[in-house]
>>> print(open('entry17.csv').read())   # CSV, C-alpha atoms
chain,number,residue,atom,x,y,z
A,1,MET,CA,58.0,14.1,179.6
A,2,ALA,CA,59.7,15.1,176.3
A,3,LYS,CA,63.4,14.7,176.1
A,4,ASN,CA,65.6,17.8,175.8
A,5,HIS,CA,66.7,18.6,172.2
A,6,PRO,CA,70.5,18.1,171.8
A,7,LEU,CA,70.8,21.7,170.6
A,8,PHE,CA,69.0,23.0,173.7
A,9,SER,CA,71.4,21.0,175.9
A,10,LEU,CA,74.4,22.5,174.1
A,11,LEU,CA,73.1,26.0,174.5
A,12,CYS,CA,72.6,25.4,178.2
A,13,PHE,CA,76.2,24.2,178.5
A,14,ILE,CA,77.6,27.2,176.7
A,15,LEU,CA,75.5,29.6,178.9
A,16,THR,CA,76.6,27.9,182.1
A,17,PHE,CA,80.3,28.0,181.0
A,18,TRP,CA,80.0,31.7,180.1
A,19,LEU,CA,78.4,32.6,183.4
A,20,PHE,CA,81.2,30.8,185.3
A,21,ALA,CA,83.9,32.4,183.3
A,22,SER,CA,82.4,35.9,183.7
A,23,GLY,CA,82.1,35.5,187.4
A,24,CYS,CA,85.6,34.2,187.7
A,25,ARG,CA,87.0,37.2,185.8
A,26,LYS,CA,85.4,39.5,188.4
A,27,ASP,CA,85.8,37.5,191.6
A,28,CYS,CA,88.8,35.1,191.1
A,29,PRO,CA,92.1,36.5,192.4
A,30,CYS,CA,94.8,37.1,189.8
A,31,GLN,CA,97.8,34.7,190.0
A,32,ASP,CA,100.9,36.6,188.8
A,33,PRO,CA,104.0,36.8,191.2
A,34,TYR,CA,105.3,39.8,189.2
A,35,ASN,CA,102.1,41.8,189.6
A,36,PRO,CA,101.9,43.8,192.9
A,37,ASP,CA,98.1,43.8,192.5
A,38,CYS,CA,97.9,40.0,192.7
A,39,GLU,CA,97.5,38.0,195.9
A,40,ASN,CA,100.5,35.8,195.2
A,41,TYR,CA,102.8,38.8,194.4
A,42,ASP,CA,106.3,38.0,195.5
A,43,PRO,CA,108.7,41.0,195.4
A,44,CYS,CA,111.7,38.6,195.3
A,45,TYR,CA,110.3,36.4,192.5
A,46,GLY,CA,113.2,35.8,190.1
A,47,LYS,CA,115.6,37.9,192.2
A,48,THR,CA,117.0,35.4,194.6
A,49,ARG,CA,119.6,34.0,192.2
A,50,ILE,CA,122.3,35.6,190.1
A,51,ASN,CA,122.4,35.0,186.4
A,52,THR,CA,125.9,33.8,185.4
A,53,ASN,CA,125.4,33.4,181.6
A,54,PHE,CA,127.5,36.2,180.3
A,55,ARG,CA,127.3,37.0,176.6
A,56,VAL,CA,130.0,36.5,174.0
A,57,ARG,CA,130.4,37.8,170.4
A,58,SER,CA,133.0,39.1,168.0
A,59,GLY,CA,134.5,42.4,168.9
A,60,ASP,CA,133.6,45.7,167.2
A,61,ASN,CA,137.2,46.5,166.4
A,62,GLY,CA,136.8,50.3,166.9
A,63,PHE,CA,133.6,50.6,165.0
A,64,PRO,CA,130.4,51.8,166.7
A,65,PRO,CA,128.7,48.8,168.4
A,66,PRO,CA,125.1,47.8,167.6
A,67,GLU,CA,122.5,50.0,169.1
A,68,GLU,CA,121.5,47.0,171.2
A,69,TRP,CA,123.0,43.6,171.9
A,70,CYS,CA,122.6,41.4,168.9
A,71,ASP,CA,120.5,38.5,170.3
A,72,LEU,CA,122.4,35.5,168.8
A,73,ILE,CA,122.3,31.8,169.5
A,74,PRO,CA,124.9,31.4,172.3
A,75,CYS,CA,128.2,30.1,171.1
A,76,ASP,CA,131.7,30.1,172.6
A,77,THR,CA,133.4,29.5,169.3
A,78,LEU,CA,134.5,32.6,167.4
A,79,ARG,CA,136.0,33.2,164.0
A,80,ALA,CA,137.5,36.6,164.9
A,81,SER,CA,140.7,38.1,166.3
A,82,SER,CA,138.8,40.1,169.0
A,83,ALA,CA,135.9,39.3,171.3
A,84,ARG,CA,133.4,41.2,173.4
A,85,PHE,CA,132.1,40.0,176.7
A,86,ASP,CA,129.0,41.5,178.3
A,87,MET,CA,127.5,41.0,181.7
A,88,PRO,CA,124.5,38.6,182.1
A,89,ILE,CA,121.0,40.2,182.0
A,90,ASN,CA,118.5,40.6,184.8
A,91,ASN,CA,121.0,40.9,187.6
A,92,PRO,CA,120.8,43.7,190.3
A,93,SER,CA,122.0,47.0,188.9
A,94,ASN,CA,124.6,47.3,191.7
A,95,SER,CA,126.4,44.0,190.9
A,96,VAL,CA,130.1,44.3,190.2
A,97,TYR,CA,131.8,42.3,187.5
A,98,SER,CA,135.5,41.3,187.1
A,99,TRP,CA,137.0,39.2,184.3
A,100,GLN,CA,140.0,37.0,184.4
A,101,VAL,CA,141.3,36.3,180.9
A,102,GLY,CA,143.5,33.2,180.5
A,103,THR,CA,146.6,33.5,182.7
A,104,GLU,CA,146.7,37.3,182.8
A,105,PRO,CA,148.2,38.4,186.2
A,106,SER,CA,145.4,40.9,186.9
A,107,SER,CA,141.6,40.9,186.2
A,108,ARG,CA,139.6,43.5,184.3
A,109,THR,CA,136.5,45.2,185.6
A,110,GLY,CA,133.4,46.5,183.9
A,111,LYS,CA,130.0,45.4,182.8
A,112,ALA,CA,131.5,44.8,179.3
A,113,ILE,CA,135.0,44.4,178.0
A,114,GLU,CA,136.5,43.9,174.5
A,115,ILE,CA,139.8,42.3,173.9
A,116,ASP,CA,142.0,42.1,170.9
A,117,PHE,CA,143.6,38.6,170.8
A,118,SER,CA,145.6,39.2,167.6
A,119,ASP,CA,149.0,38.7,169.2
A,120,TYR,CA,147.9,35.7,171.2
A,121,LEU,CA,146.4,34.1,168.1
A,122,ASP,CA,149.3,34.9,165.8
A,123,ALA,CA,151.5,33.1,168.2
A,124,GLY,CA,149.9,29.8,167.1
A,125,ASN,CA,146.8,29.7,169.4
A,126,TYR,CA,144.1,29.2,166.8
A,127,GLU,CA,142.0,26.1,167.3
A,128,LYS,CA,142.7,26.3,171.0
A,129,GLN,CA,140.6,27.2,174.1
A,130,ILE,CA,141.3,30.1,176.5
A,131,PRO,CA,139.4,30.3,179.8
A,132,ILE,CA,137.4,33.4,180.7
A,133,THR,CA,136.4,33.6,184.3
A,134,LEU,CA,133.7,36.0,185.5
A,135,THR,CA,133.4,37.0,189.1
A,136,ILE,CA,130.1,38.6,190.2
A,137,ARG,CA,129.8,40.4,193.5
A,138,THR,CA,126.4,41.6,194.7
A,139,PRO,CA,125.7,43.4,198.0
A,140,LEU,CA,123.3,41.7,200.3
A,141,ASN,CA,119.7,42.8,199.9
A,142,SER,CA,116.2,41.9,201.0
A,143,CYS,CA,115.9,39.2,198.4
A,144,MET,CA,119.5,37.8,198.7
A,145,THR,CA,120.4,37.3,202.3
A,146,ASN,CA,122.9,34.4,202.0
A,147,PRO,CA,126.4,35.7,201.5
A,148,GLU,CA,127.2,32.6,199.4
A,149,ASP,CA,124.8,33.9,196.8
A,150,THR,CA,126.4,37.3,196.5
A,151,PHE,CA,129.9,36.1,195.4
A,152,ILE,CA,129.8,33.8,192.4
A,153,LYS,CA,132.4,32.7,189.8
A,154,VAL,CA,131.7,31.1,186.4
A,155,LYS,CA,134.3,29.9,183.8
A,156,ARG,CA,133.8,29.3,180.1
A,157,GLU,CA,136.3,28.1,177.5
A,158,ILE,CA,136.4,30.4,174.5
A,159,PHE,CA,137.6,28.8,171.3
A,160,PHE,CA,139.1,30.7,168.4
A,161,THR,CA,139.0,29.1,164.9
A,162,GLN,CA,140.0,29.9,161.4
A,163,LYS,CA,137.4,27.5,159.9
A,164,LYS,CA,134.8,29.2,157.7
A,165,HIS,CA,131.2,28.3,158.1
A,166,HIS,CA,129.3,31.4,157.0
A,167,PRO,CA,127.0,30.1,154.2
A,168,PHE,CA,128.2,32.6,151.7
A,169,ILE,CA,132.0,32.1,152.2
A,170,SER,CA,133.0,30.0,149.3
A,171,ASP,CA,136.0,29.3,147.1
A,172,SER,CA,133.9,30.0,144.0
A,173,SER,CA,132.0,33.2,143.1
A,174,PHE,CA,128.6,31.8,144.1
A,175,SER,CA,127.1,29.1,146.3
A,176,ILE,CA,124.2,26.7,145.8
A,177,PHE,CA,121.8,25.4,148.5
A,178,GLU,CA,119.2,22.7,148.3
A,179,GLY,CA,116.4,22.5,150.7
A,180,TYR,CA,112.8,23.4,151.6
A,181,LEU,CA,110.7,25.9,153.4
A,182,ILE,CA,109.8,24.8,156.9
A,183,ASP,CA,106.1,25.3,156.3
A,184,ASN,CA,106.3,23.2,153.0
A,185,PRO,CA,108.8,20.4,153.6
A,186,ASN,CA,107.6,18.4,150.6
A,187,GLU,CA,108.7,20.9,148.0
A,188,VAL,CA,112.5,20.7,147.6
A,189,PHE,CA,114.2,23.3,145.4
A,190,ARG,CA,117.6,25.0,144.9
A,191,VAL,CA,118.7,28.5,145.7
A,192,ARG,CA,121.9,30.1,144.5
A,193,THR,CA,123.7,33.3,145.2
A,194,ALA,CA,124.9,35.6,142.5
A,195,GLY,CA,127.1,38.6,142.5
A,196,ASP,CA,126.7,42.0,140.8
A,197,ASN,CA,126.7,42.6,137.1
A,198,GLU,CA,126.4,45.5,134.7
A,199,GLU,CA,122.6,45.0,134.4
A,200,TRP,CA,122.0,45.5,138.1
A,201,PHE,CA,124.5,48.4,138.3
A,202,ARG,CA,122.5,50.2,135.7
A,203,LYS,CA,119.2,49.5,137.6
A,204,LEU,CA,120.4,50.6,141.0
A,205,ARG,CA,122.8,53.4,140.0
A,206,THR,CA,124.8,53.3,143.3
A,207,PHE,CA,128.1,51.9,144.6
A,208,GLY,CA,128.9,48.9,146.7
A,209,ASN,CA,129.0,45.2,146.1
A,210,ARG,CA,125.6,43.5,145.8
A,211,ARG,CA,124.6,39.9,146.2
A,212,PHE,CA,121.3,38.2,145.2
A,213,LEU,CA,119.4,35.1,146.3
A,214,ILE,CA,117.9,33.4,143.3
A,215,GLY,CA,115.4,30.5,143.2
A,216,PHE,CA,112.9,30.9,146.0
A,217,PRO,CA,109.3,30.0,144.9
A,218,PHE,CA,107.9,33.1,146.6
A,219,ALA,CA,110.4,35.6,145.1
A,220,ASP,CA,112.8,34.3,142.4
A,221,THR,CA,115.4,37.1,142.7
A,222,ILE,CA,116.0,38.8,146.1
A,223,LEU,CA,118.5,41.7,146.4
A,224,MET,CA,120.4,41.4,149.7
A,225,PRO,CA,121.1,44.8,151.2
A,226,TRP,CA,124.8,45.6,151.1
A,227,ASP,CA,126.9,46.9,153.9
A,228,ILE,CA,126.0,50.6,153.6
A,229,PHE,CA,122.4,49.8,154.2
A,230,VAL,CA,122.9,47.5,157.2
A,231,LYS,CA,122.3,48.8,160.7
A,232,ASN,CA,123.1,45.8,162.9
A,233,GLN,CA,125.7,43.3,161.6
A,234,CYS,CA,126.9,40.7,164.1
A,235,GLY,CA,127.5,37.0,164.4
A,236,ASN,CA,129.4,34.2,165.9
A,237,PHE,CA,130.4,30.7,164.7
A,238,LYS,CA,126.8,29.5,164.5
A,239,HIS,CA,124.6,32.5,163.8
A,240,TRP,CA,124.9,35.6,161.7
A,241,ARG,CA,122.5,38.5,161.5
A,242,GLU,CA,122.0,41.6,159.4
A,243,VAL,CA,119.3,44.3,159.8
A,244,THR,CA,118.5,46.7,157.0
A,245,ILE,CA,118.2,50.4,157.6
A,246,SER,CA,115.9,52.8,155.7
A,247,TYR,CA,117.9,54.8,153.3
A,248,GLN,CA,117.5,58.6,153.6
A,249,ASN,CA,116.8,59.1,150.0
A,250,PRO,CA,113.1,58.0,149.6
A,251,GLN,CA,113.5,57.3,145.9
A,252,MET,CA,116.5,55.0,146.5
A,253,PHE,CA,114.6,53.2,149.3
A,254,VAL,CA,111.7,52.5,147.0
A,255,LEU,CA,114.0,51.2,144.4
A,256,LEU,CA,115.9,49.0,146.9
A,257,ASN,CA,112.6,47.7,148.4
A,258,GLU,CA,111.4,46.8,144.9
A,259,TYR,CA,114.2,44.4,144.4
A,260,SER,CA,114.6,43.2,148.0
A,261,HIS,CA,110.9,42.5,148.4
A,262,GLY,CA,111.1,44.3,151.7
A,263,LEU,CA,113.9,42.1,153.2
A,264,MET,CA,114.6,43.8,156.5
A,265,GLN,CA,116.4,41.1,158.6
A,266,GLN,CA,118.5,38.1,157.6
A,267,ASP,CA,119.5,35.4,160.1
A,268,TYR,CA,121.7,32.5,159.0
A,269,TYR,CA,122.2,29.5,161.3
A,270,TYR,CA,125.0,26.9,161.0
A,271,LEU,CA,123.6,23.5,161.9
A,272,GLY,CA,126.7,21.4,161.5
A,273,GLY,CA,128.2,19.7,158.5
A,274,LYS,CA,126.9,21.5,155.4
A,275,ASP,CA,123.5,22.2,156.9
A,276,TYR,CA,122.0,25.7,157.4
A,277,LEU,CA,118.8,27.5,158.3
A,278,PHE,CA,118.0,30.8,156.6
A,279,ARG,CA,115.5,33.0,158.4
A,280,LEU,CA,114.4,35.9,156.1
A,281,GLU,CA,112.1,38.6,157.4
A,282,PHE,CA,110.2,40.7,154.9
A,283,HIS,CA,108.2,43.9,155.7
A,284,ASN,CA,105.6,44.8,153.1
A,285,GLN,CA,102.6,47.2,153.4
A,286,GLY,CA,102.7,47.0,157.2
A,287,LYS,CA,102.8,43.2,157.3
A,288,VAL,CA,105.7,41.0,158.4
A,289,PHE,CA,106.4,37.8,156.5
A,290,ILE,CA,109.0,35.2,157.7
A,291,ARG,CA,110.4,32.5,155.5
A,292,ASN,CA,112.5,29.7,157.0
A,293,PHE,CA,114.7,27.8,154.5
A,294,ARG,CA,116.2,24.6,155.8
A,295,CYS,CA,119.0,23.6,153.4
A,296,LYS,CA,122.3,21.9,152.6
A,297,LYS,CA,125.1,23.6,150.9
A,298,ILE,CA,126.0,21.6,147.8
A,299,GLN,CA,128.5,24.0,146.2
>>> encode(input="entry17.csv", output="structure tokens")
Amino acid sequence: MAKNHPLFSLLCFILTFWLFASGCRKDCPCQDPYNPDCENYDPCYGKTRINTNFRVRSGDNGFPPPEEWCDLIPCDTLRASSARFDMPINNPSNSVYSWQVGTEPSSRTGKAIEIDFSDYLDAGNYEKQIPITLTIRTPLNSCMTNPEDTFIKVKREIFFTQKKHHPFISDSSFSIFEGYLIDNPNEVFRVRTAGDNEEWFRKLRTFGNRRFLIGFPFADTILMPWDIFVKNQCGNFKHWREVTISYQNPQMFVLLNEYSHGLMQQDYYYLGGKDYLFRLEFHNQGKVFIRNFRCKKIQ
């Protein structure tokens, strides 16, 4: 009897696997505890414990808050005189929150609070911690039947500092960074920041201070959108974010996009010492390009 040709055996294997997979798609039960149509659906999945990780960021100081919470790397160190505290996510909608700030005689209630610590900090309390205690009360329900789970306290120490770690805060008029793109670690290069000058003022014909990133191999000069073109601007000691808005004047937006190369979101992460990570998100012709620059500040 002739032996089967190796190609014939491979085709038989592929056909058998395809028939098995097709049958399983039709007959095998789905396995998703969140999906009511699945056999293992659990209406209490993920709802039996309270999330205590409340969110912290610098306060809005009377300005309109971001349209949605700015999703930053968690950090309890702030370089600000005010702070905003928001409830943890994914808790029952009827949970009640009360906040104890330091040694205040009474607590504050609400899903979010903002506090101006100026007087406290001016009294010599920078570089110190202040405890924030959140109490969460949740009525008993079909998924939470143990009273101990419906009354929870969590305390975190918030630290206010005057130290400057934003990558573009410098004693000189510009900064220099040396590093590499994450997807090409063998190519080390330098990037510097530059301020506005008369040449760019003539090109853009608008007001406001402008800053440029110069030296990237994929786009040598990048215009960074200034404050009047930023929708979300928030940060903490370790992470800063800016999101660009589309300017109402189409001609101006085309001009800005030409020099910014479609830069829509900027994230800057402080990694300790003089190390940073830049995450730059560009939108061009319906495509999104992300460049991650791991670098050290050398000036």
>>> residues_around(input="entry17.csv", residues="stretch 87-89 of chain A", least_positions_apart="4", cutoff="7 Å", atoms="only C-alpha atoms", output="PyMOL selection string")
chain A and resi 51-55+111-112
>>> atom_distance(input="entry17.csv", atom1="atom CA of A:Lys163", atom2="atom CA of A:Arg79")
7.2 Å
>>> residues_around(input="entry17.csv", residues="A:Arg291", least_positions_apart="5", cutoff="8 Å", atoms="all atoms listed in the file", output="list in words")
Leu181, Ile182, Phe278, Arg279, Leu280 and Glu281 of chain A
>>> residues_near_point(input="entry17.csv", point="(122.3, 24.2, 159.8)", cutoff="9 Å", atoms="all atoms listed in the file", output="tab-separated table (two decimals) with C-alpha atoms, in the coordinates of the input")
chain	number	residue	atom	x	y	z
A	238	LYS	CA	126.80	29.50	164.50
A	268	TYR	CA	121.70	32.50	159.00
A	269	TYR	CA	122.20	29.50	161.30
A	270	TYR	CA	125.00	26.90	161.00
A	271	LEU	CA	123.60	23.50	161.90
A	272	GLY	CA	126.70	21.40	161.50
A	273	GLY	CA	128.20	19.70	158.50
A	274	LYS	CA	126.90	21.50	155.40
A	275	ASP	CA	123.50	22.20	156.90
A	276	TYR	CA	122.00	25.70	157.40
A	277	LEU	CA	118.80	27.50	158.30
A	278	PHE	CA	118.00	30.80	156.60
A	294	ARG	CA	116.20	24.60	155.80
A	295	CYS	CA	119.00	23.60	153.40
A	296	LYS	CA	122.30	21.90	152.60
>>> residues_near_point(input="entry17.csv", point="(119.2, 41.9, 144.0)", cutoff="7 Å", atoms="all atoms listed in the file", output="ChimeraX atom specification")
/A:210-212,221-224,259-260
>>> atom_distance(input="entry17.csv", atom1="atom CA of A:Thr150", atom2="atom CA of A:Cys70")
28.2 Å
>>> closest_residue(input="entry17.csv", among="A:Arg84, A:Asp76, A:Gly102, A:Asp116", to="A:Ile158", atoms="only C-alpha atoms")
A:Asp76
>>> residues_around(input="entry17.csv", residues="A:Pro29", least_positions_apart="6", cutoff="12 Å", atoms="all atoms listed in the file", output="ChimeraX atom specification")
/A:23,35,37-41
